[in-house]
Every structure is written in C-alpha cells, then in structure tokens.
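Everything below belongs to model_25.txt, which stores compact mmCIF, C-alpha atoms.
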# COMPACT_ATOMS: atom_id res chain seq x y z
CA MET A 1 -243.40 63.49 68.35
CA PRO A 2 -239.60 63.67 68.89
CA GLN A 3 -240.25 64.77 72.46
CA LEU A 4 -242.29 61.62 73.08
CA ILE A 5 -239.50 59.41 71.71
CA LEU A 6 -236.93 61.22 73.84
CA LEU A 7 -239.15 60.89 76.91
CA GLY A 8 -239.49 57.16 76.20
CA LEU A 9 -235.72 56.74 75.91
CA VAL A 10 -235.13 58.66 79.14
CA GLY A 11 -237.79 56.58 80.89
CA ALA A 12 -236.26 53.33 79.65
CA ALA A 13 -232.80 54.42 80.78
CA ALA A 14 -234.15 55.37 84.20
CA TRP A 15 -235.95 52.03 84.53
CA LEU A 16 -232.83 50.07 83.58
CA GLY A 17 -230.73 52.15 85.97
CA TYR A 18 -233.17 51.49 88.79
CA LYS A 19 -233.16 47.74 88.13
CA GLN A 20 -229.34 47.68 88.16
CA MET A 21 -229.21 49.72 91.36
CA ALA A 22 -231.69 47.38 93.07
CA LYS A 23 -229.64 44.34 91.99
CA ASP A 24 -226.42 45.89 93.30
CA ALA A 25 -228.08 46.88 96.58
CA GLU A 26 -229.30 43.31 97.09
CA ALA A 27 -225.80 41.95 96.46
CA VAL A 28 -224.29 44.37 98.99
CA SER A 29 -226.99 43.51 101.50
CA GLN A 30 -226.28 39.79 101.08
CA ARG A 31 -222.54 40.36 101.58
CA ASN A 32 -223.26 42.34 104.76
CA ARG A 33 -225.52 39.61 106.13
CA GLN A 34 -222.83 37.01 105.42
CA ALA A 35 -220.15 39.12 107.12
CA GLU A 36 -222.37 39.63 110.18
CA ALA A 37 -222.98 35.87 110.38
CA GLU A 38 -219.23 35.24 110.24
CA VAL A 39 -218.65 37.73 113.06
CA ARG A 40 -221.38 36.13 115.19
CA ASN A 41 -219.93 32.65 114.63
CA GLY A 42 -216.34 33.75 115.10
CA ALA A 43 -215.51 32.41 111.64
CA GLN A 44 -212.51 33.59 109.67
CA GLY A 45 -214.21 33.02 106.34
CA THR A 46 -216.72 30.89 104.51
CA LEU A 47 -215.65 27.69 102.83
CA VAL A 48 -216.95 26.81 99.38
CA ARG A 49 -216.44 23.59 97.50
CA GLY A 50 -214.56 23.97 94.24
CA PRO A 51 -215.09 21.99 91.06
CA ASP A 52 -212.26 19.66 92.08
CA GLY A 53 -214.04 18.83 95.36
CA ILE A 54 -211.63 20.70 97.63
CA TYR A 55 -213.01 23.28 100.08
CA ARG A 56 -211.39 26.72 99.98
CA VAL A 57 -212.09 30.08 101.60
CA ARG A 58 -214.53 32.07 99.43
CA LYS A 59 -213.04 35.13 97.79
CA ASP A 60 -215.42 38.07 97.31

Any chance you could put this one into structure tokens?
Amino acid sequence: MPQLILLGLVGAAAWLGYKQMAKDAEAVSQRNRQAEAEVRNGAQGTLVRGPDGIYRVRKD
C-alpha cells in the first residue's frame, strides 16, 4: 500500500511538472514569434498602452 501512495505522489509531481514545462514552452514560443515579427517589420519594439493611457515600449 505505501508503494501505491508513493507511486501516486510521483505521478502527480510528474504531471504537474509536465504542465508547467508546457506552459513555459508556450510562453517562450510566443516571445520568439513576437521577436520574429518585429524583425520582419523592422520594429525596434512593441508598444503597449499603460493604465494611464500612454504608449510605452513593452518590457519582457
């Protein structure tokens, strides 16, 4: 019985680790796509509108 509990804990940790890795990989992929789009457009950065309504260069 303790082996089954340990196996369940290891499985849960592996599942959570996989989900976190997939989330991080998607974020990196999105940053790469954005950087490639900036290179294609010749942009020096992407502007985002702040809460005060002023556009500023996005900081990653």

Find the axis-aligned box for stretch 7-14 of chain A, covering all its listed atoms and adding 8 Å on each side, and write its centre and edge lengths in Å to one decimal as JSON.
{"center_x": -236.1, "center_y": 57.1, "center_z": 80.1, "size_x": 22.7, "size_y": 23.6, "size_z": 24.3}

| said: Give me, as number ranges by chain, all polymer residues having an atom no more than 8 Å from stretch 35-46 of chain A, counting only C-alpha atoms and skipping those fewer than 3 positions away in the same chain. | reply: A: 31-32, 57-58

Here atom CA of A:Tyr55 and atom CA of A:Val28 stand apart by 23.9 Å

Using Å and a single decimal, report how far atom CA of A:Asp60 sits from atom CA of A:Lys19.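 Distance reported for this atom pair: 22.2 Å.
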
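Atom pair atom CA of A:Leu47 / atom CA of A:Glu26: separated by 21.5 Å.
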
Can we get stretch 6-49 of chain A of that structure written down with C-alpha atoms, as an mmCIF file, in the first residue's frame?
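To be explicit, this is the file written out as result_1.cif:
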data_model
loop_
_atom_site.group_PDB
_atom_site.id
_atom_site.type_symbol
_atom_site.label_atom_id
_atom_site.label_comp_id
_atom_site.auth_asym_id
_atom_site.auth_seq_id
_atom_site.Cartn_x
_atom_site.Cartn_y
_atom_site.Cartn_z
ATOM 1 C CA LEU A 6 4.377 6.847 -3.339
ATOM 2 C CA LEU A 7 3.683 5.984 -6.974
ATOM 3 C CA GLY A 8 0.654 8.305 -6.898
ATOM 4 C CA LEU A 9 2.719 11.157 -5.455
ATOM 5 C CA VAL A 10 5.457 10.656 -8.047
ATOM 6 C CA GLY A 11 2.855 10.549 -10.816
ATOM 7 C CA ALA A 12 1.203 13.738 -9.575
ATOM 8 C CA ALA A 13 4.566 15.509 -9.366
ATOM 9 C CA ALA A 14 5.433 14.384 -12.895
ATOM 10 C CA TRP A 15 2.065 15.569 -14.214
ATOM 11 C CA LEU A 16 2.426 18.983 -12.557
ATOM 12 C CA GLY A 17 5.991 19.284 -13.849
ATOM 13 C CA TYR A 18 4.849 18.469 -17.374
ATOM 14 C CA LYS A 19 2.055 21.051 -17.231
ATOM 15 C CA GLN A 20 4.499 23.726 -16.021
ATOM 16 C CA MET A 21 7.006 22.821 -18.725
ATOM 17 C CA ALA A 22 4.328 23.016 -21.423
ATOM 18 C CA LYS A 23 3.211 26.437 -20.135
ATOM 19 C CA ASP A 24 6.793 27.739 -20.129
ATOM 20 C CA ALA A 25 7.441 26.354 -23.614
ATOM 21 C CA GLU A 26 4.343 28.125 -24.939
ATOM 22 C CA ALA A 27 5.477 31.413 -23.389
ATOM 23 C CA VAL A 28 8.931 31.097 -24.963
ATOM 24 C CA SER A 29 7.388 30.202 -28.302
ATOM 25 C CA GLN A 30 5.142 33.278 -28.144
ATOM 26 C CA ARG A 31 8.121 35.521 -27.334
ATOM 27 C CA ASN A 32 10.037 34.064 -30.290
ATOM 28 C CA ARG A 33 7.117 34.643 -32.664
ATOM 29 C CA GLN A 34 6.837 38.245 -31.452
ATOM 30 C CA ALA A 35 10.578 38.827 -31.903
ATOM 31 C CA GLU A 36 10.463 37.370 -35.431
ATOM 32 C CA ALA A 37 7.532 39.656 -36.293
ATOM 33 C CA GLU A 38 9.483 42.662 -35.024
ATOM 34 C CA VAL A 39 12.480 41.694 -37.163
ATOM 35 C CA ARG A 40 10.279 41.252 -40.253
ATOM 36 C CA ASN A 41 8.643 44.644 -39.703
ATOM 37 C CA GLY A 42 11.882 46.400 -38.836
ATOM 38 C CA ALA A 43 10.389 47.433 -35.499
ATOM 39 C CA GLN A 44 12.520 48.382 -32.527
ATOM 40 C CA GLY A 45 9.968 47.140 -30.024
ATOM 41 C CA THR A 46 6.282 46.678 -29.396
ATOM 42 C CA LEU A 47 4.231 49.451 -27.880
ATOM 43 C CA VAL A 48 1.687 48.691 -25.184
ATOM 44 C CA ARG A 49 -0.808 51.074 -23.666
#
